[in-house]
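**Student:** Before anything else, here's the structure in question.
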Amino acid sequence: MERKSNNDTLYEVLSLESESERERKKTTASPNILQASSHGSMVPSPPEDDEEEDNDEPLLSGSGDVSKECAEKILETWGDLLSKWHLNLSVRPKQLPALVRSGVPEALRGEVWQLLAGCHNNDHQVEEYRTLITKESPQDSAITRDINRTFPAHDYFKDTGGDGQDSLYKICKAYSVYDEEIGYCQGQSFLAAVLLLHMPEEQAFSVLVKIMFDYGLRELFKQNFEDLHCKFFQLERLMQEYIPDLYNHFLNVGLEAHMYASQWFLTLFTAKFPLYMVFHIIDLLLCEGISVIFNVALALLKTSREDLLATDFEGALKFFRVPVPKRYRSEENAKKLMELACSMKISQKKLKKYEKEYHTMREQQEQQEAPIERYERENRRLQEANMRLEQENDDLAHELVSSKILLRKDLDNAEEKADALNKELLMTKQKLVDSEDEKRRLEEESAQLKEMCRRELDKSESEIKKNGSIIGEYKQICSQLSERLEKQQTANKGELEKIRLKVEGCEKCSILFSKEGRLKAVRKMKEGSEEETDEEKEALKNQLREMELELAQTKLQLVEAECKIQDLEHTLGLALNEVQAAKKTWFNRTLTSIKTATGAQGKETT
């Protein structure tokens, strides 16, 4: 639009648009994609497929598991190194860089990161942190918004209002108050989250401050991101040297480094890539400095070279957004990438040279550019930055929606599980009440059985004692009868011997008996003697019958006692069966011991 003022022609810029943007609009943009900005310029937002498959979903930040398992030999090597390092913390051990390139063991990362950053003596900063978190931050809303979409795939940070989000909020808030010049910048929450996974929040804040100030990360956010654009220039010059065909392809399709690498530098790869790879990058950064970002970036571009050469502008942006991070979910792929990154030799001298070239180019541009061209270039840069930010915002919004869907699903599952557990709890309570009633019933039955067994046991003991006394008396009678019989037999033998001697001495009688004592007398005498012998035999038989009768009575009493014992054993057996049915093992053992004792006593009486 042309204006006339004081005879001078003035021009007002309505919109600026580069040739490459116009070409892209012709081929990819549609009317509903274009939106008018507040200044009247038309900015295309990145197109997306209408029907995205599940494979086209970006990888959620905080994805991936990192195992704490490590070979014993590696742990011993690190243990020896840390022991030597603690003797003099101001000097790093010589073998440290080689070990760090292989990756710090996950179990030791918290300690090693603090030592690498020089945070071993930071008590004053810990106290300062506790003061900072009590102050108000002017960027509180931005921090809260970013916290909710930081590492939604990680259990520690996915719960809104959980311990992880609370600690992350306090660290970001404290830094925004601590660094008044820069404050909180989008993406810092990802780096803080990585540190929080390895150390308490006070130490995590100290390491974050070291990375921002001593490692120069905050310089990328200063002076309208001037240093960040210098990093983009250095990356493109390194691509021109190491991957010239890919550099030329990007040049042809109009793809510039700031369109895909801004998050790499600003978040140190923490926002999109799996945790195994992220942790290894932080290992290298704390050991060798922020220049390792160039090594990792070149390694990523080199491993994806063939795929990127086959893409156009939009395809390349989508490839950087989705397939590249997903490719390194495999620990093996991530290891190969980091080995390639460590093998690339990028000297500081070369980076300084490219930095000097950038500043020289900027000075020449400022001197040669007309005001309109400078405004056009600045506007184009702002439009590109706006497009990049919109893309990032879309990605983050999509990530937030995905995380909310996952959280809703997890919440529904948790509610269903809670309902099932409540039902199970009610059933368990009812079973407990029934069990207590059954227990009381069984305790009453057990008490009754115990009382019955006690009575029967007392009765059986008294019967056993009674039978024992009867058996004792019987044994005493038998022994007395045996003694009497023996005495009688001895006396009879003596009498018979005397009679035999007298008979032998008598002439008349000797003819009646033989030498063996047998009778040789006449029949009459024989009949007389037989009558005497029969009388004696009859007397002995009567005496024997009396003894047999007495023995039979004793045996009868013994049989009665055994019958009573058997009845008692039968009663105990019934009680035992009832207790077994009630599954009372302690009572079973008691009845078994009673039965064993009773059986043993019964056998003794027999």
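Letters A, B, ... mark the chains of the structure tokens in the order given; residue numbers begin at 1 per chain; ligand numbers begin at 1, in order shown.
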Counting only C-alpha atoms, what is within 8 Å of region 396-410 of chain A, bar same-chain residues fewer than 5 positions away, as a PDB file with N, CA and C atoms, in the first residue's frame?
**Tutor:**
```
ATOM      1  N   PRO A  58       2.700 -39.981  17.468  1.00  0.00           N
ATOM      2  CA  PRO A  58       4.035 -39.664  17.994  1.00  0.00           C
ATOM      3  C   PRO A  58       4.308 -40.447  19.275  1.00  0.00           C
ATOM      4  N   LEU A  60       5.061 -40.914  22.970  1.00  0.00           N
ATOM      5  CA  LEU A  60       4.843 -40.093  24.158  1.00  0.00           C
ATOM      6  C   LEU A  60       6.159 -39.858  24.880  1.00  0.00           C
ATOM      7  N   ASN A 148       1.667 -30.682  33.022  1.00  0.00           N
ATOM      8  CA  ASN A 148       0.652 -31.700  32.724  1.00  0.00           C
ATOM      9  C   ASN A 148       0.962 -32.504  31.465  1.00  0.00           C
ATOM     10  N   ARG A 149       1.857 -31.998  30.605  1.00  0.00           N
ATOM     11  CA  ARG A 149       2.188 -32.743  29.383  1.00  0.00           C
ATOM     12  C   ARG A 149       3.657 -33.157  29.343  1.00  0.00           C
ATOM     13  N   PRO A 152       4.094 -37.917  30.105  1.00  0.00           N
ATOM     14  CA  PRO A 152       2.827 -38.582  30.451  1.00  0.00           C
ATOM     15  C   PRO A 152       2.925 -40.103  30.389  1.00  0.00           C
ATOM     16  N   ALA A 153       3.963 -40.619  29.708  1.00  0.00           N
ATOM     17  CA  ALA A 153       4.103 -42.075  29.602  1.00  0.00           C
ATOM     18  C   ALA A 153       4.812 -42.680  30.804  1.00  0.00           C
ATOM     19  N   LYS A 158       2.617 -39.190  35.493  1.00  0.00           N
ATOM     20  CA  LYS A 158       1.348 -39.198  34.761  1.00  0.00           C
ATOM     21  C   LYS A 158       0.147 -38.791  35.611  1.00  0.00           C
TER      22      LYS A 158
END
```
**Student:** Report the distance between CA of Met259 (chain A) and CA of Asp65 (chain A) in Å, rounded to one decimal place.
**Tutor:** 29.2 Å
**Student:** Could you check which of A:Arg440, A:Lys302, A:His249, A:His280 is closest to Met338 (chain A), using only C-alpha atoms?
**Tutor:** A:His280
**Student:** Can you pull out every residue within 6 Å of region 267-276 of chain A, counting only C-alpha atoms, but drop anything in the same chain fewer than 4 positions away, and send it as an MDAnalysis selection string?
**Tutor:** chainID A and resid 61 63:64 66 187 190 263 325 329
**Student:** Write the selection just made, keeping C-alpha atoms, as a CSV table (one decimal), in the first residue's frame?
**Tutor:**
```
chain,number,residue,atom,x,y,z
A,61,SER,CA,7.6,-38.4,26.1
A,63,SER,CA,8.5,-43.7,27.1
A,64,GLY,CA,10.8,-46.7,27.6
A,66,VAL,CA,15.7,-48.4,31.8
A,187,GLY,CA,10.9,-27.4,27.4
A,190,PHE,CA,11.5,-32.2,30.3
A,263,GLN,CA,13.7,-29.2,20.2
A,325,PRO,CA,12.0,-41.3,18.0
A,329,ARG,CA,12.7,-47.6,21.5
```
**Student:** Compile the contact shell of region 451-455 of chain A as a list in words: residues with an atom at most 10 Å away, counting only C-alpha atoms, same-chain residues fewer than 2 positions apart removed.
**Tutor:**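 Skipping anything fewer than 2 positions along the chain leaves Glu445, Ser446, Ala447, Gln448, Leu449, Leu457, Asp458, Lys459, Ser460, Glu461, Leu568, Thr571, Leu572, Ala575, Leu591 and Ile594 of chain A.
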**Student:** Hey, can you spit out that residue selection with N, CA and C atoms as a compact mmCIF listing (two decimals), in the first residue's frame?
**Tutor:**
```txt
# COMPACT_ATOMS: atom_id res chain seq x y z
N GLU A 445 -19.19 -77.18 70.70
CA GLU A 445 -19.14 -78.63 70.54
C GLU A 445 -17.84 -79.19 71.09
N SER A 446 -16.76 -78.46 70.84
CA SER A 446 -15.46 -78.91 71.34
C SER A 446 -15.45 -78.94 72.87
N ALA A 447 -16.04 -77.91 73.49
CA ALA A 447 -16.10 -77.89 74.96
C ALA A 447 -16.93 -79.06 75.49
N GLN A 448 -18.06 -79.32 74.81
CA GLN A 448 -18.89 -80.45 75.22
C GLN A 448 -18.14 -81.78 75.07
N LEU A 449 -17.46 -81.92 73.93
CA LEU A 449 -16.69 -83.14 73.71
C LEU A 449 -15.57 -83.29 74.74
N LEU A 457 -12.99 -90.40 80.53
CA LEU A 457 -11.61 -90.71 80.91
C LEU A 457 -11.51 -90.98 82.40
N ASP A 458 -12.20 -90.15 83.20
CA ASP A 458 -12.21 -90.39 84.65
C ASP A 458 -12.83 -91.75 84.96
N LYS A 459 -13.94 -92.03 84.25
CA LYS A 459 -14.63 -93.31 84.48
C LYS A 459 -13.73 -94.48 84.09
N SER A 460 -13.08 -94.35 82.93
CA SER A 460 -12.20 -95.43 82.48
C SER A 460 -11.01 -95.59 83.41
N GLU A 461 -10.50 -94.47 83.93
CA GLU A 461 -9.39 -94.56 84.87
C GLU A 461 -9.80 -95.28 86.15
N LEU A 568 -15.55 -97.66 75.79
CA LEU A 568 -14.92 -96.34 75.92
C LEU A 568 -14.16 -95.97 74.64
N THR A 571 -16.63 -94.94 72.02
CA THR A 571 -17.11 -93.57 72.27
C THR A 571 -16.06 -92.54 71.82
N LEU A 572 -14.81 -92.82 72.16
CA LEU A 572 -13.73 -91.91 71.75
C LEU A 572 -13.61 -91.88 70.22
N ALA A 575 -16.28 -89.60 68.84
CA ALA A 575 -15.88 -88.20 69.08
C ALA A 575 -14.79 -87.77 68.11
N LEU A 591 -7.41 -86.40 70.96
CA LEU A 591 -8.14 -87.68 71.03
C LEU A 591 -7.20 -88.83 70.70
N ILE A 594 -5.22 -89.57 73.70
CA ILE A 594 -6.06 -90.25 74.71
C ILE A 594 -6.26 -91.70 74.35
```
**Student:** Need the shell around region 361-366 of chain A: protein/DNA/RNA residues with any atom at most 12 Å away, counting only C-alpha atoms. Skip same-chain ones fewer than 4 positions apart. Format as an mmCIF file with C-alpha atoms, in the first residue's frame?
**Tutor:**
```cif
data_model
loop_
_atom_site.group_PDB
_atom_site.id
_atom_site.type_symbol
_atom_site.label_atom_id
_atom_site.label_comp_id
_atom_site.auth_asym_id
_atom_site.auth_seq_id
_atom_site.Cartn_x
_atom_site.Cartn_y
_atom_site.Cartn_z
ATOM 1 C CA GLU A 226 20.458 -15.633 18.408
ATOM 2 C CA ASP A 227 22.805 -18.320 19.767
ATOM 3 C CA HIS A 229 20.310 -19.837 15.215
ATOM 4 C CA CYS A 230 24.094 -19.974 15.345
ATOM 5 C CA PHE A 233 24.077 -22.743 11.124
ATOM 6 C CA TYR A 354 31.572 -21.985 11.901
ATOM 7 C CA GLU A 355 30.434 -19.640 14.656
ATOM 8 C CA LYS A 356 32.719 -16.940 13.310
ATOM 9 C CA GLU A 357 31.349 -17.544 9.793
ATOM 10 C CA ALA A 370 17.592 -2.934 2.682
ATOM 11 C CA PRO A 371 15.076 -2.241 5.448
ATOM 12 C CA ILE A 372 12.306 -3.999 3.519
ATOM 13 C CA GLU A 373 14.453 -7.067 2.913
ATOM 14 C CA ARG A 374 15.476 -7.145 6.543
ATOM 15 C CA TYR A 375 11.846 -6.886 7.610
ATOM 16 C CA ARG A 377 13.640 -11.861 6.366
ATOM 17 C CA GLU A 378 12.714 -11.188 9.969
#
```
**Student:** Find the residues around Trp264 (chain A) up to 12 Å (only C-alpha atoms counted), leave out those fewer than 2 positions away in its own chain, and share them as JSON, numbers by chain.
**Tutor:** {"A": [187, 190, 191, 217, 220, 228, 231, 232, 235, 257, 258, 259, 260, 261, 262, 266, 267, 268, 269, 270, 271, 272, 273, 278, 281, 290, 291, 292, 293, 294, 295, 296, 297, 298, 300, 320, 321, 325]}
**Student:** List every residue of region 207-289 of chain A that has an atom at most 10 Å from any atom of region 307-319 of chain A, and for each one report the closest atom pair and its distance in Å to one decimal, counting only C-alpha atoms, with rows sorted by chain and then by increasing residue number, as CSV.
**Tutor:**
```
residue,atom,partner,partner_atom,distance
A:Asp245,CA,A:Leu309,CA,8.2
A:Leu246,CA,A:Leu309,CA,6.3
A:Tyr247,CA,A:Leu309,CA,9.6
A:Asn248,CA,A:Leu309,CA,9.7
A:His249,CA,A:Leu309,CA,6.5
A:Phe250,CA,A:Phe313,CA,8.0
A:Asn252,CA,A:Phe313,CA,9.2
A:Val253,CA,A:Phe313,CA,5.5
A:Gly254,CA,A:Phe313,CA,6.8
A:Leu255,CA,A:Phe313,CA,6.2
A:Glu256,CA,A:Phe313,CA,9.8
A:Met259,CA,A:Leu317,CA,7.7
A:Tyr260,CA,A:Leu317,CA,6.6
```
**Student:** Could the residues in this selection be written to a file with N, CA and C atoms, as a CSV table (one decimal), in the first residue's frame?
**Tutor:**
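Result written to again_27.csv:
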```csv
chain,number,residue,atom,x,y,z
A,245,ASP,N,25.1,-35.1,0.6
A,245,ASP,CA,23.9,-35.3,-0.3
A,245,ASP,C,22.6,-35.0,0.5
A,246,LEU,N,22.6,-35.3,1.8
A,246,LEU,CA,21.4,-35.0,2.6
A,246,LEU,C,21.3,-33.5,2.7
A,247,TYR,N,22.4,-32.8,2.9
A,247,TYR,CA,22.4,-31.3,3.0
A,247,TYR,C,21.8,-30.7,1.7
A,248,ASN,N,22.2,-31.2,0.6
A,248,ASN,CA,21.7,-30.7,-0.7
A,248,ASN,C,20.2,-31.0,-0.9
A,249,HIS,N,19.8,-32.2,-0.4
A,249,HIS,CA,18.4,-32.5,-0.5
A,249,HIS,C,17.5,-31.6,0.3
A,250,PHE,N,18.0,-31.3,1.5
A,250,PHE,CA,17.2,-30.4,2.4
A,250,PHE,C,17.2,-29.0,1.8
A,252,ASN,N,17.2,-28.3,-1.4
A,252,ASN,CA,16.3,-28.4,-2.5
A,252,ASN,C,14.8,-28.4,-2.1
A,253,VAL,N,14.5,-29.1,-1.0
A,253,VAL,CA,13.1,-29.1,-0.6
A,253,VAL,C,12.7,-27.9,0.3
A,254,GLY,N,13.7,-27.1,0.7
A,254,GLY,CA,13.5,-25.9,1.5
A,254,GLY,C,13.4,-26.3,3.0
A,255,LEU,N,14.0,-27.3,3.4
A,255,LEU,CA,14.0,-27.7,4.8
A,255,LEU,C,15.2,-27.2,5.5
A,256,GLU,N,15.0,-26.3,6.5
A,256,GLU,CA,16.1,-25.7,7.3
A,256,GLU,C,16.2,-26.3,8.7
A,259,MET,N,13.7,-26.0,11.5
A,259,MET,CA,12.4,-26.7,11.4
A,259,MET,C,12.3,-28.0,12.0
A,260,TYR,N,13.4,-28.7,12.3
A,260,TYR,CA,13.4,-30.0,12.8
A,260,TYR,C,14.3,-30.2,14.1
```
